[in-house]
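Worksheet for the structure shown next.
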Amino acid sequence: MKVTILGIVTIFLVVWGNAVEGRDLSDEDSILETQLKNISKPAIKTIQTEYGDTYDCVHVYEQPSLDHPLLKDHVVQMRPSAALEKTLKASKMTTSLSSVNYNPVKIGLEDGCPIGTVPIRRTTKEDLIRTESDSPKPFFNDPALDATGDGYQYAGIVTRTDSRKVYHGAGARLDIYNPRAENEQISAAVIMVLAGPQGKKGGIRTGWMVNPHLYGDCRTRFFTSWTQENNGKADGCYDLTCPGFIQTSTLVALGSPFSNVSIIGGVQFDASMLISKDPDSGNWWLMILDDDKPIGYWPKALFDSLSRGANAALWAGLVYSGSSDWPPMGSGVYQGGSFVHTCYMAQVVVGKPGDAKFSPPDADEVIVQQSRCYKAGDNSYVDENWLYRFLFGGPGGSQQSCK
């Protein structure tokens, strides 16, 4: 059974709903209050943001992720190893794009949490209520096989390696937009690494996302997700809504909104993100590279094949729809050749087998994926500043027109 904090709460509420049908609202409210109390961790400090989010500064060893049964007695790795830091310094991914129209975006809490604590976005009663309805799952179809399926569509690029050789990570600089997405929709830009055979596939994803069902608003937010399949069942979730991801940053919380987003034809805001396997510990680290910010990591104990490395990497726009229409992807337009009108990913890099540093993907190994309503293109290596880049996006449309 998938181990999630919110998932356990959801099952509890559904079972009680079936058992005591007809109870009054005060009973349901009491149950929600009890569950909120049970999943909350003691806060050293509480931070309220201008966006209405509340973050609790929780002791690093009290964070919910350490409740995962596979992480019992886990010793937190507070920083990437010296070997990984050496790899990052040897890889050219941290410079901003050479134009006044392109600006690295700031993300994170202004003051942050005290040393020894980490920010955890507080779960609200409304969050629990939303979990009672069907929600998009944090795992997606195999991007190396199909650009559509299970309510999801992609547009972007994929690289693969065989099972004897593995990637040790993937990264890119993501242009950040705020596409319109309604309650049963998602619009996102993702970096993904995958490994394992069908039925036992493990995956890690990061990027930005508009997901009203998950976050309760339509802001563009920094997100992660992880999954590990096991004979038809899957463990994993978005951000910190279940045990798994170990937070180490005192400044950047998963689910944080971006303060600035790009304007079509105007100033562009982007962020450099990286998923990297630590060569010493084997844990998978998440980084924001613009300010040299390690955010935290997924312990290798969570995964099967992915604990040894990835055999596929994806950089793409992603949309989901549980309604009659598909939402916009990226900027909502696809105008080939225009990096100020169409959403881009630049400085695309992958940790290749046998190469300690990160470098652009080989052109002959890149597969471009797109669908009827969402396009990807202009993909190529440019120079030492942009490295490998591509465009993606589209306006979306009806279920019938986007088949």
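Lettering and numbering for the structure tokens are positional, with chains as A, B, ... in the shown order, residues counted from 1 in each chain, and ligands counted from 1 in the shown order.
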
Quick one: residues within 12 Å of Gly317 (chain A), only C-alpha atoms, excluding same-chain residues fewer than 6 positions away - as a PDB file with N, CA and C atoms, in the first residue's frame?
```
ATOM      1  N   PRO A 143       7.749   8.232 -20.757  1.00  0.00           N
ATOM      2  CA  PRO A 143       7.925   9.265 -21.773  1.00  0.00           C
ATOM      3  C   PRO A 143       8.756   8.815 -22.955  1.00  0.00           C
ATOM      4  N   ALA A 147       3.980   9.949 -26.127  1.00  0.00           N
ATOM      5  CA  ALA A 147       3.813  11.336 -25.696  1.00  0.00           C
ATOM      6  C   ALA A 147       2.444  11.597 -25.092  1.00  0.00           C
ATOM      7  N   THR A 148       1.564  10.613 -25.121  1.00  0.00           N
ATOM      8  CA  THR A 148       0.233  10.768 -24.554  1.00  0.00           C
ATOM      9  C   THR A 148      -0.147   9.511 -23.787  1.00  0.00           C
ATOM     10  N   TYR A 152      -2.378  12.336 -19.531  1.00  0.00           N
ATOM     11  CA  TYR A 152      -1.239  13.227 -19.655  1.00  0.00           C
ATOM     12  C   TYR A 152      -0.808  13.385 -21.105  1.00  0.00           C
ATOM     13  N   GLN A 153      -0.208  14.544 -21.419  1.00  0.00           N
ATOM     14  CA  GLN A 153       0.455  14.746 -22.698  1.00  0.00           C
ATOM     15  C   GLN A 153       1.771  15.482 -22.469  1.00  0.00           C
ATOM     16  N   TYR A 154       2.781  15.142 -23.291  1.00  0.00           N
ATOM     17  CA  TYR A 154       4.103  15.739 -23.212  1.00  0.00           C
ATOM     18  C   TYR A 154       4.458  16.440 -24.511  1.00  0.00           C
ATOM     19  N   ALA A 155       5.399  17.377 -24.427  1.00  0.00           N
ATOM     20  CA  ALA A 155       6.086  17.904 -25.608  1.00  0.00           C
ATOM     21  C   ALA A 155       7.484  18.283 -25.156  1.00  0.00           C
ATOM     22  N   GLY A 156       8.484  17.618 -25.723  1.00  0.00           N
ATOM     23  CA  GLY A 156       9.846  17.879 -25.292  1.00  0.00           C
ATOM     24  C   GLY A 156      10.813  16.891 -25.893  1.00  0.00           C
ATOM     25  N   ILE A 157      11.889  16.589 -25.156  1.00  0.00           N
ATOM     26  CA  ILE A 157      12.918  15.687 -25.655  1.00  0.00           C
ATOM     27  C   ILE A 157      13.223  14.596 -24.636  1.00  0.00           C
ATOM     28  N   VAL A 158      13.675  13.446 -25.157  1.00  0.00           N
ATOM     29  CA  VAL A 158      13.985  12.275 -24.344  1.00  0.00           C
ATOM     30  C   VAL A 158      15.320  11.696 -24.798  1.00  0.00           C
ATOM     31  N   LEU A 174      14.934  26.351 -16.852  1.00  0.00           N
ATOM     32  CA  LEU A 174      13.530  26.339 -17.259  1.00  0.00           C
ATOM     33  C   LEU A 174      12.958  27.746 -17.311  1.00  0.00           C
ATOM     34  N   ASP A 175      12.426  28.111 -18.467  1.00  0.00           N
ATOM     35  CA  ASP A 175      11.647  29.342 -18.603  1.00  0.00           C
ATOM     36  C   ASP A 175      10.361  29.162 -17.786  1.00  0.00           C
ATOM     37  N   ILE A 176       9.969  30.177 -17.017  1.00  0.00           N
ATOM     38  CA  ILE A 176       8.860  30.035 -16.068  1.00  0.00           C
ATOM     39  C   ILE A 176       7.672  30.887 -16.495  1.00  0.00           C
ATOM     40  N   TYR A 177       6.574  30.234 -16.822  1.00  0.00           N
ATOM     41  CA  TYR A 177       5.325  30.908 -17.190  1.00  0.00           C
ATOM     42  C   TYR A 177       4.217  30.542 -16.204  1.00  0.00           C
ATOM     43  N   PRO A 179       0.734  29.363 -17.095  1.00  0.00           N
ATOM     44  CA  PRO A 179      -0.391  28.990 -17.951  1.00  0.00           C
ATOM     45  C   PRO A 179      -1.657  28.754 -17.138  1.00  0.00           C
ATOM     46  N   ILE A 186      -3.566  20.151 -14.938  1.00  0.00           N
ATOM     47  CA  ILE A 186      -2.198  20.482 -14.554  1.00  0.00           C
ATOM     48  C   ILE A 186      -1.494  21.020 -15.786  1.00  0.00           C
ATOM     49  N   SER A 187      -0.658  22.031 -15.601  1.00  0.00           N
ATOM     50  CA  SER A 187       0.262  22.453 -16.655  1.00  0.00           C
ATOM     51  C   SER A 187       1.620  22.652 -16.005  1.00  0.00           C
ATOM     52  N   ALA A 188       2.660  22.040 -16.584  1.00  0.00           N
ATOM     53  CA  ALA A 188       3.955  22.014 -15.916  1.00  0.00           C
ATOM     54  C   ALA A 188       5.091  21.963 -16.923  1.00  0.00           C
ATOM     55  N   ALA A 189       6.294  22.235 -16.423  1.00  0.00           N
ATOM     56  CA  ALA A 189       7.535  21.994 -17.147  1.00  0.00           C
ATOM     57  C   ALA A 189       8.385  21.107 -16.252  1.00  0.00           C
ATOM     58  N   VAL A 190       8.872  19.983 -16.768  1.00  0.00           N
ATOM     59  CA  VAL A 190       9.492  18.975 -15.910  1.00  0.00           C
ATOM     60  C   VAL A 190      10.838  18.504 -16.442  1.00  0.00           C
ATOM     61  N   ILE A 191      11.697  18.152 -15.497  1.00  0.00           N
ATOM     62  CA  ILE A 191      12.899  17.364 -15.734  1.00  0.00           C
ATOM     63  C   ILE A 191      12.663  16.038 -15.026  1.00  0.00           C
ATOM     64  N   MET A 192      12.935  14.934 -15.719  1.00  0.00           N
ATOM     65  CA  MET A 192      12.597  13.627 -15.161  1.00  0.00           C
ATOM     66  C   MET A 192      13.714  12.622 -15.422  1.00  0.00           C
ATOM     67  N   THR A 206      11.219  17.085 -11.250  1.00  0.00           N
ATOM     68  CA  THR A 206      11.185  18.417 -10.669  1.00  0.00           C
ATOM     69  C   THR A 206      10.914  19.423 -11.765  1.00  0.00           C
ATOM     70  N   GLY A 207      10.616  20.665 -11.368  1.00  0.00           N
ATOM     71  CA  GLY A 207      10.324  21.718 -12.332  1.00  0.00           C
ATOM     72  C   GLY A 207       9.344  22.707 -11.734  1.00  0.00           C
ATOM     73  N   TRP A 208       8.519  23.289 -12.607  1.00  0.00           N
ATOM     74  CA  TRP A 208       7.442  24.155 -12.124  1.00  0.00           C
ATOM     75  C   TRP A 208       6.092  23.595 -12.538  1.00  0.00           C
ATOM     76  N   MET A 209       5.065  23.966 -11.782  1.00  0.00           N
ATOM     77  CA  MET A 209       3.744  23.372 -12.003  1.00  0.00           C
ATOM     78  C   MET A 209       2.637  24.327 -11.579  1.00  0.00           C
ATOM     79  N   VAL A 210       1.567  24.354 -12.368  1.00  0.00           N
ATOM     80  CA  VAL A 210       0.303  24.970 -11.972  1.00  0.00           C
ATOM     81  C   VAL A 210      -0.658  23.819 -11.728  1.00  0.00           C
ATOM     82  N   PRO A 327      -5.448  22.026 -21.029  1.00  0.00           N
ATOM     83  CA  PRO A 327      -4.985  23.380 -20.694  1.00  0.00           C
ATOM     84  C   PRO A 327      -3.828  23.810 -21.588  1.00  0.00           C
ATOM     85  N   PRO A 328      -3.488  25.112 -21.601  1.00  0.00           N
ATOM     86  CA  PRO A 328      -2.297  25.570 -22.309  1.00  0.00           C
ATOM     87  C   PRO A 328      -1.036  24.968 -21.682  1.00  0.00           C
ATOM     88  N   MET A 329      -0.002  24.821 -22.521  1.00  0.00           N
ATOM     89  CA  MET A 329       1.306  24.349 -22.061  1.00  0.00           C
ATOM     90  C   MET A 329       2.342  25.449 -22.293  1.00  0.00           C
ATOM     91  N   GLY A 330       3.245  25.626 -21.345  1.00  0.00           N
ATOM     92  CA  GLY A 330       4.287  26.639 -21.490  1.00  0.00           C
ATOM     93  C   GLY A 330       3.700  28.034 -21.465  1.00  0.00           C
ATOM     94  N   SER A 331       4.026  28.822 -22.502  1.00  0.00           N
ATOM     95  CA  SER A 331       3.467  30.171 -22.600  1.00  0.00           C
ATOM     96  C   SER A 331       2.051  30.157 -23.148  1.00  0.00           C
ATOM     97  N   GLY A 332       1.612  29.008 -23.648  1.00  0.00           N
ATOM     98  CA  GLY A 332       0.295  28.905 -24.275  1.00  0.00           C
ATOM     99  C   GLY A 332       0.338  29.099 -25.780  1.00  0.00           C
ATOM    100  N   TYR A 334       2.987  28.326 -29.416  1.00  0.00           N
ATOM    101  CA  TYR A 334       4.208  27.743 -29.956  1.00  0.00           C
ATOM    102  C   TYR A 334       4.561  28.508 -31.217  1.00  0.00           C
ATOM    103  N   THR A 342       7.786  31.759 -26.921  1.00  0.00           N
ATOM    104  CA  THR A 342       7.542  30.353 -26.640  1.00  0.00           C
ATOM    105  C   THR A 342       8.397  29.910 -25.462  1.00  0.00           C
ATOM    106  N   CYS A 343       7.852  29.077 -24.618  1.00  0.00           N
ATOM    107  CA  CYS A 343       8.573  28.590 -23.441  1.00  0.00           C
ATOM    108  C   CYS A 343       9.783  27.756 -23.872  1.00  0.00           C
ATOM    109  N   TYR A 344      10.890  27.925 -23.175  1.00  0.00           N
ATOM    110  CA  TYR A 344      12.110  27.224 -23.544  1.00  0.00           C
ATOM    111  C   TYR A 344      12.699  26.467 -22.360  1.00  0.00           C
ATOM    112  N   MET A 345      13.549  25.518 -22.692  1.00  0.00           N
ATOM    113  CA  MET A 345      14.524  24.981 -21.749  1.00  0.00           C
ATOM    114  C   MET A 345      15.885  25.166 -22.393  1.00  0.00           C
ATOM    115  N   VAL A 368      12.590  13.717 -30.136  1.00  0.00           N
ATOM    116  CA  VAL A 368      11.629  14.807 -29.933  1.00  0.00           C
ATOM    117  C   VAL A 368      10.230  14.219 -29.845  1.00  0.00           C
ATOM    118  N   GLN A 369       9.497  14.613 -28.811  1.00  0.00           N
ATOM    119  CA  GLN A 369       8.127  14.141 -28.632  1.00  0.00           C
ATOM    120  C   GLN A 369       7.166  15.318 -28.706  1.00  0.00           C
ATOM    121  N   GLN A 370       6.062  15.114 -29.378  1.00  0.00           N
ATOM    122  CA  GLN A 370       5.025  16.137 -29.440  1.00  0.00           C
ATOM    123  C   GLN A 370       3.704  15.468 -29.809  1.00  0.00           C
ATOM    124  N   SER A 371       2.633  16.232 -29.711  1.00  0.00           N
ATOM    125  CA  SER A 371       1.305  15.708 -30.007  1.00  0.00           C
ATOM    126  C   SER A 371       0.554  16.733 -30.862  1.00  0.00           C
ATOM    127  N   CYS A 373      -1.757  18.969 -30.190  1.00  0.00           N
ATOM    128  CA  CYS A 373      -1.951  20.309 -29.625  1.00  0.00           C
ATOM    129  C   CYS A 373      -0.706  20.907 -28.996  1.00  0.00           C
ATOM    130  N   TYR A 374       0.346  20.099 -28.811  1.00  0.00           N
ATOM    131  CA  TYR A 374       1.546  20.578 -28.125  1.00  0.00           C
ATOM    132  C   TYR A 374       2.776  20.210 -28.942  1.00  0.00           C
ATOM    133  N   LYS A 375       3.604  21.219 -29.240  1.00  0.00           N
ATOM    134  CA  LYS A 375       4.750  21.032 -30.124  1.00  0.00           C
ATOM    135  C   LYS A 375       6.062  21.223 -29.363  1.00  0.00           C
ATOM    136  N   ALA A 376       7.131  20.647 -29.912  1.00  0.00           N
ATOM    137  CA  ALA A 376       8.491  20.852 -29.418  1.00  0.00           C
ATOM    138  C   ALA A 376       9.412  20.931 -30.626  1.00  0.00           C
ATOM    139  N   GLY A 377      10.431  21.787 -30.540  1.00  0.00           N
ATOM    140  CA  GLY A 377      11.344  21.934 -31.667  1.00  0.00           C
ATOM    141  C   GLY A 377      12.435  22.951 -31.400  1.00  0.00           C
ATOM    142  N   PHE A 390      15.748  23.996 -26.411  1.00  0.00           N
ATOM    143  CA  PHE A 390      14.603  23.696 -27.263  1.00  0.00           C
ATOM    144  C   PHE A 390      13.396  24.505 -26.804  1.00  0.00           C
ATOM    145  N   LEU A 391      12.393  24.567 -27.675  1.00  0.00           N
ATOM    146  CA  LEU A 391      11.123  25.239 -27.390  1.00  0.00           C
ATOM    147  C   LEU A 391      10.019  24.202 -27.236  1.00  0.00           C
ATOM    148  N   PHE A 392       8.977  24.548 -26.459  1.00  0.00           N
ATOM    149  CA  PHE A 392       7.834  23.640 -26.317  1.00  0.00           C
ATOM    150  C   PHE A 392       6.598  24.438 -25.933  1.00  0.00           C
ATOM    151  N   GLY A 393       5.426  23.872 -26.202  1.00  0.00           N
ATOM    152  CA  GLY A 393       4.183  24.487 -25.746  1.00  0.00           C
ATOM    153  C   GLY A 393       3.053  24.369 -26.730  1.00  0.00           C
ATOM    154  N   GLY A 394       1.963  25.032 -26.385  1.00  0.00           N
ATOM    155  CA  GLY A 394       0.778  25.026 -27.229  1.00  0.00           C
ATOM    156  C   GLY A 394      -0.433  25.498 -26.459  1.00  0.00           C
ATOM    157  N   GLY A 396      -3.463  24.111 -26.176  1.00  0.00           N
ATOM    158  CA  GLY A 396      -4.444  23.150 -25.689  1.00  0.00           C
ATOM    159  C   GLY A 396      -5.705  23.169 -26.560  1.00  0.00           C
TER     160      GLY A 396
END
```

Residue contacts of Thr54 (chain A) (10 Å, only C-alpha atoms) excluding same-chain residues fewer than 2 positions away, as an mmCIF file with N, CA and C atoms, in the first residue's frame:
```
data_model
loop_
_atom_site.group_PDB
_atom_site.id
_atom_site.type_symbol
_atom_site.label_atom_id
_atom_site.label_comp_id
_atom_site.auth_asym_id
_atom_site.auth_seq_id
_atom_site.Cartn_x
_atom_site.Cartn_y
_atom_site.Cartn_z
ATOM 1 N N THR A 46 7.306 29.653 12.833
ATOM 2 C CA THR A 46 6.290 29.633 11.780
ATOM 3 C C THR A 46 6.451 30.872 10.914
ATOM 4 N N ILE A 47 6.388 30.653 9.582
ATOM 5 C CA ILE A 47 6.562 31.745 8.632
ATOM 6 C C ILE A 47 5.309 31.863 7.770
ATOM 7 N N GLN A 48 4.709 33.041 7.735
ATOM 8 C CA GLN A 48 3.552 33.328 6.892
ATOM 9 C C GLN A 48 4.030 34.159 5.700
ATOM 10 N N THR A 49 3.712 33.715 4.482
ATOM 11 C CA THR A 49 4.179 34.433 3.298
ATOM 12 C C THR A 49 3.098 35.350 2.746
ATOM 13 N N GLU A 50 3.504 36.239 1.852
ATOM 14 C CA GLU A 50 2.560 37.151 1.220
ATOM 15 C C GLU A 50 1.562 36.427 0.328
ATOM 16 N N TYR A 51 1.857 35.177 -0.025
ATOM 17 C CA TYR A 51 0.967 34.399 -0.886
ATOM 18 C C TYR A 51 -0.078 33.625 -0.093
ATOM 19 N N GLY A 52 -0.026 33.740 1.215
ATOM 20 C CA GLY A 52 -1.001 33.046 2.049
ATOM 21 C C GLY A 52 -0.550 31.681 2.530
ATOM 22 N N ASP A 56 6.073 25.755 8.477
ATOM 23 C CA ASP A 56 6.540 25.435 9.815
ATOM 24 C C ASP A 56 8.004 25.027 9.744
ATOM 25 N N CYS A 57 8.832 25.647 10.567
ATOM 26 C CA CYS A 57 10.250 25.287 10.661
ATOM 27 C C CYS A 57 10.364 24.110 11.626
ATOM 28 N N PRO A 119 11.908 24.137 6.335
ATOM 29 C CA PRO A 119 10.538 24.621 6.136
ATOM 30 C C PRO A 119 9.635 23.549 5.525
ATOM 31 N N ILE A 120 8.511 23.313 6.161
ATOM 32 C CA ILE A 120 7.511 22.359 5.678
ATOM 33 C C ILE A 120 6.206 23.115 5.462
ATOM 34 N N ARG A 121 5.692 23.085 4.238
ATOM 35 C CA ARG A 121 4.424 23.775 3.955
ATOM 36 C C ARG A 121 3.308 23.124 4.759
ATOM 37 N N ARG A 122 2.586 23.928 5.519
ATOM 38 C CA ARG A 122 1.572 23.404 6.433
ATOM 39 C C ARG A 122 0.366 22.868 5.665
ATOM 40 N N THR A 123 -0.075 21.692 6.050
ATOM 41 C CA THR A 123 -1.298 21.104 5.492
ATOM 42 C C THR A 123 -2.503 21.734 6.165
ATOM 43 N N THR A 124 -3.473 22.173 5.364
ATOM 44 C CA THR A 124 -4.670 22.810 5.901
ATOM 45 C C THR A 124 -5.870 21.873 5.818
#
```

task = Using only C-alpha atoms, determine which residues lie at most 10 Å from region 301-313 of chain A, disregarding the query and same-chain residues fewer than 3 positions distant; provide the list as a VMD selection string.
result = chain A and resid 68 to 71 74 142 to 144 157 to 171 191 to 197 200 to 205 226 to 230 235 to 236 244 to 245 276 to 277 282 to 284 298 349 to 353 361 366

Emit the selected residues as a PDB file, in the first residue's frame, including C-alpha atoms.
```
ATOM      1  CA  HIS A  68       8.802   6.271   5.918  1.00  0.00           C
ATOM      2  CA  PRO A  69       9.333   2.613   6.976  1.00  0.00           C
ATOM      3  CA  LEU A  70      12.381   2.315   4.683  1.00  0.00           C
ATOM      4  CA  LEU A  71      14.022   5.303   6.380  1.00  0.00           C
ATOM      5  CA  HIS A  74      18.282   7.030   8.427  1.00  0.00           C
ATOM      6  CA  ASP A 142       6.740   6.174 -19.882  1.00  0.00           C
ATOM      7  CA  PRO A 143       7.925   9.265 -21.773  1.00  0.00           C
ATOM      8  CA  ALA A 144      10.353   7.286 -23.888  1.00  0.00           C
ATOM      9  CA  ILE A 157      12.918  15.687 -25.655  1.00  0.00           C
ATOM     10  CA  VAL A 158      13.985  12.275 -24.344  1.00  0.00           C
ATOM     11  CA  THR A 159      17.275  10.391 -24.185  1.00  0.00           C
ATOM     12  CA  ARG A 160      17.752   6.729 -23.269  1.00  0.00           C
ATOM     13  CA  THR A 161      20.577   4.364 -22.409  1.00  0.00           C
ATOM     14  CA  ASP A 162      20.586   0.579 -22.047  1.00  0.00           C
ATOM     15  CA  SER A 163      20.413  -1.248 -18.744  1.00  0.00           C
ATOM     16  CA  ARG A 164      24.186  -1.842 -18.672  1.00  0.00           C
ATOM     17  CA  LYS A 165      24.917   1.901 -18.625  1.00  0.00           C
ATOM     18  CA  VAL A 166      23.141   4.496 -16.506  1.00  0.00           C
ATOM     19  CA  TYR A 167      22.740   8.261 -16.284  1.00  0.00           C
ATOM     20  CA  HIS A 168      23.657   9.944 -13.010  1.00  0.00           C
ATOM     21  CA  GLY A 169      21.337  12.925 -13.416  1.00  0.00           C
ATOM     22  CA  ALA A 170      19.707  15.574 -15.592  1.00  0.00           C
ATOM     23  CA  GLY A 171      19.284  19.331 -15.464  1.00  0.00           C
ATOM     24  CA  ILE A 191      12.899  17.364 -15.734  1.00  0.00           C
ATOM     25  CA  MET A 192      12.597  13.627 -15.161  1.00  0.00           C
ATOM     26  CA  VAL A 193      14.867  10.614 -14.631  1.00  0.00           C
ATOM     27  CA  LEU A 194      13.531   7.056 -14.825  1.00  0.00           C
ATOM     28  CA  ALA A 195      14.781   3.497 -14.381  1.00  0.00           C
ATOM     29  CA  GLY A 196      13.450  -0.031 -14.173  1.00  0.00           C
ATOM     30  CA  PRO A 197      11.276  -2.479 -16.123  1.00  0.00           C
ATOM     31  CA  LYS A 200       8.942  -1.812 -11.199  1.00  0.00           C
ATOM     32  CA  LYS A 201       9.770   1.575 -12.674  1.00  0.00           C
ATOM     33  CA  GLY A 202      11.134   4.302 -10.432  1.00  0.00           C
ATOM     34  CA  GLY A 203      10.988   7.995 -11.284  1.00  0.00           C
ATOM     35  CA  ILE A 204      12.066  11.416  -9.963  1.00  0.00           C
ATOM     36  CA  ARG A 205      10.738  14.725 -11.337  1.00  0.00           C
ATOM     37  CA  TRP A 226       8.848  10.622  -6.940  1.00  0.00           C
ATOM     38  CA  THR A 227       7.453   7.141  -7.517  1.00  0.00           C
ATOM     39  CA  GLN A 228       8.497   3.539  -7.182  1.00  0.00           C
ATOM     40  CA  GLU A 229       6.272   0.871  -8.714  1.00  0.00           C
ATOM     41  CA  ASN A 230       6.087  -2.600  -7.245  1.00  0.00           C
ATOM     42  CA  ASP A 235       4.752   4.435  -3.577  1.00  0.00           C
ATOM     43  CA  GLY A 236       5.457   8.148  -3.891  1.00  0.00           C
ATOM     44  CA  GLY A 244      10.287  10.182   1.217  1.00  0.00           C
ATOM     45  CA  PHE A 245      12.110  13.365   0.189  1.00  0.00           C
ATOM     46  CA  SER A 276      21.921  14.362  -9.495  1.00  0.00           C
ATOM     47  CA  LYS A 277      22.951  11.054  -7.984  1.00  0.00           C
ATOM     48  CA  GLY A 282      23.984   7.071  -3.840  1.00  0.00           C
ATOM     49  CA  ASN A 283      21.198   9.483  -2.813  1.00  0.00           C
ATOM     50  CA  TRP A 284      19.513  11.594  -5.502  1.00  0.00           C
ATOM     51  CA  TRP A 298      15.625  11.252  -2.213  1.00  0.00           C
ATOM     52  CA  VAL A 349      22.508  18.590 -19.563  1.00  0.00           C
ATOM     53  CA  VAL A 350      22.667  14.927 -18.648  1.00  0.00           C
ATOM     54  CA  GLY A 351      25.076  12.885 -16.548  1.00  0.00           C
ATOM     55  CA  LYS A 352      26.304  10.429 -19.175  1.00  0.00           C
ATOM     56  CA  PRO A 353      27.620   6.934 -18.448  1.00  0.00           C
ATOM     57  CA  PRO A 361      22.924  15.341 -24.745  1.00  0.00           C
ATOM     58  CA  VAL A 366      17.702  12.908 -28.652  1.00  0.00           C
TER      59      VAL A 366
END
```

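Proximity to Val76 (chain A) was assessed for A:Ile246, A:Ala172, A:Ile129, A:Cys218 counting only C-alpha atoms; the smallest distance is recorded for A:Ile246.
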
task = Please provide as an MDAnalysis selection string all residues within 12 Å of Asp270 (chain A), with the sequence filter that same-chain residues fewer than 5 positions apart are discarded (counting only C-alpha atoms).
result = chainID A and resid 94:97 101:107 172:177 189 207:208 222 258:263 288:290 339:340 343:347

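One finds CA of Ala82 (chain A) at 27.1 Å from CA of Trp315 (chain A).
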
query = Of the candidates A:Asn183, A:Lys125, A:Phe269, A:Val60, which one gets nearest to Lys37 (chain A) if we count only C-alpha atoms?
reply =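 Using only C-alpha atoms, Lys37 (chain A) sits closest to A:Lys125.
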
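Candidate residues A:Pro80, A:Pro360, A:Pro294, A:Pro42 were compared for distance to Leu251 (chain A), and the nearest is A:Pro294, using only C-alpha atoms.
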
request  = For CA of His213 (chain A) and CA of Ala181 (chain A), determine how far apart the two atoms are, in Å to one decimal place.
outcome  =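 The value is 9.8 Å.
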
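Of the residues under consideration (A:Ser338, A:Leu286, A:Ala363, A:Tyr381), A:Leu286 shows the shortest atom-to-atom contact distance to Leu84 (chain A) when counting only C-alpha atoms.
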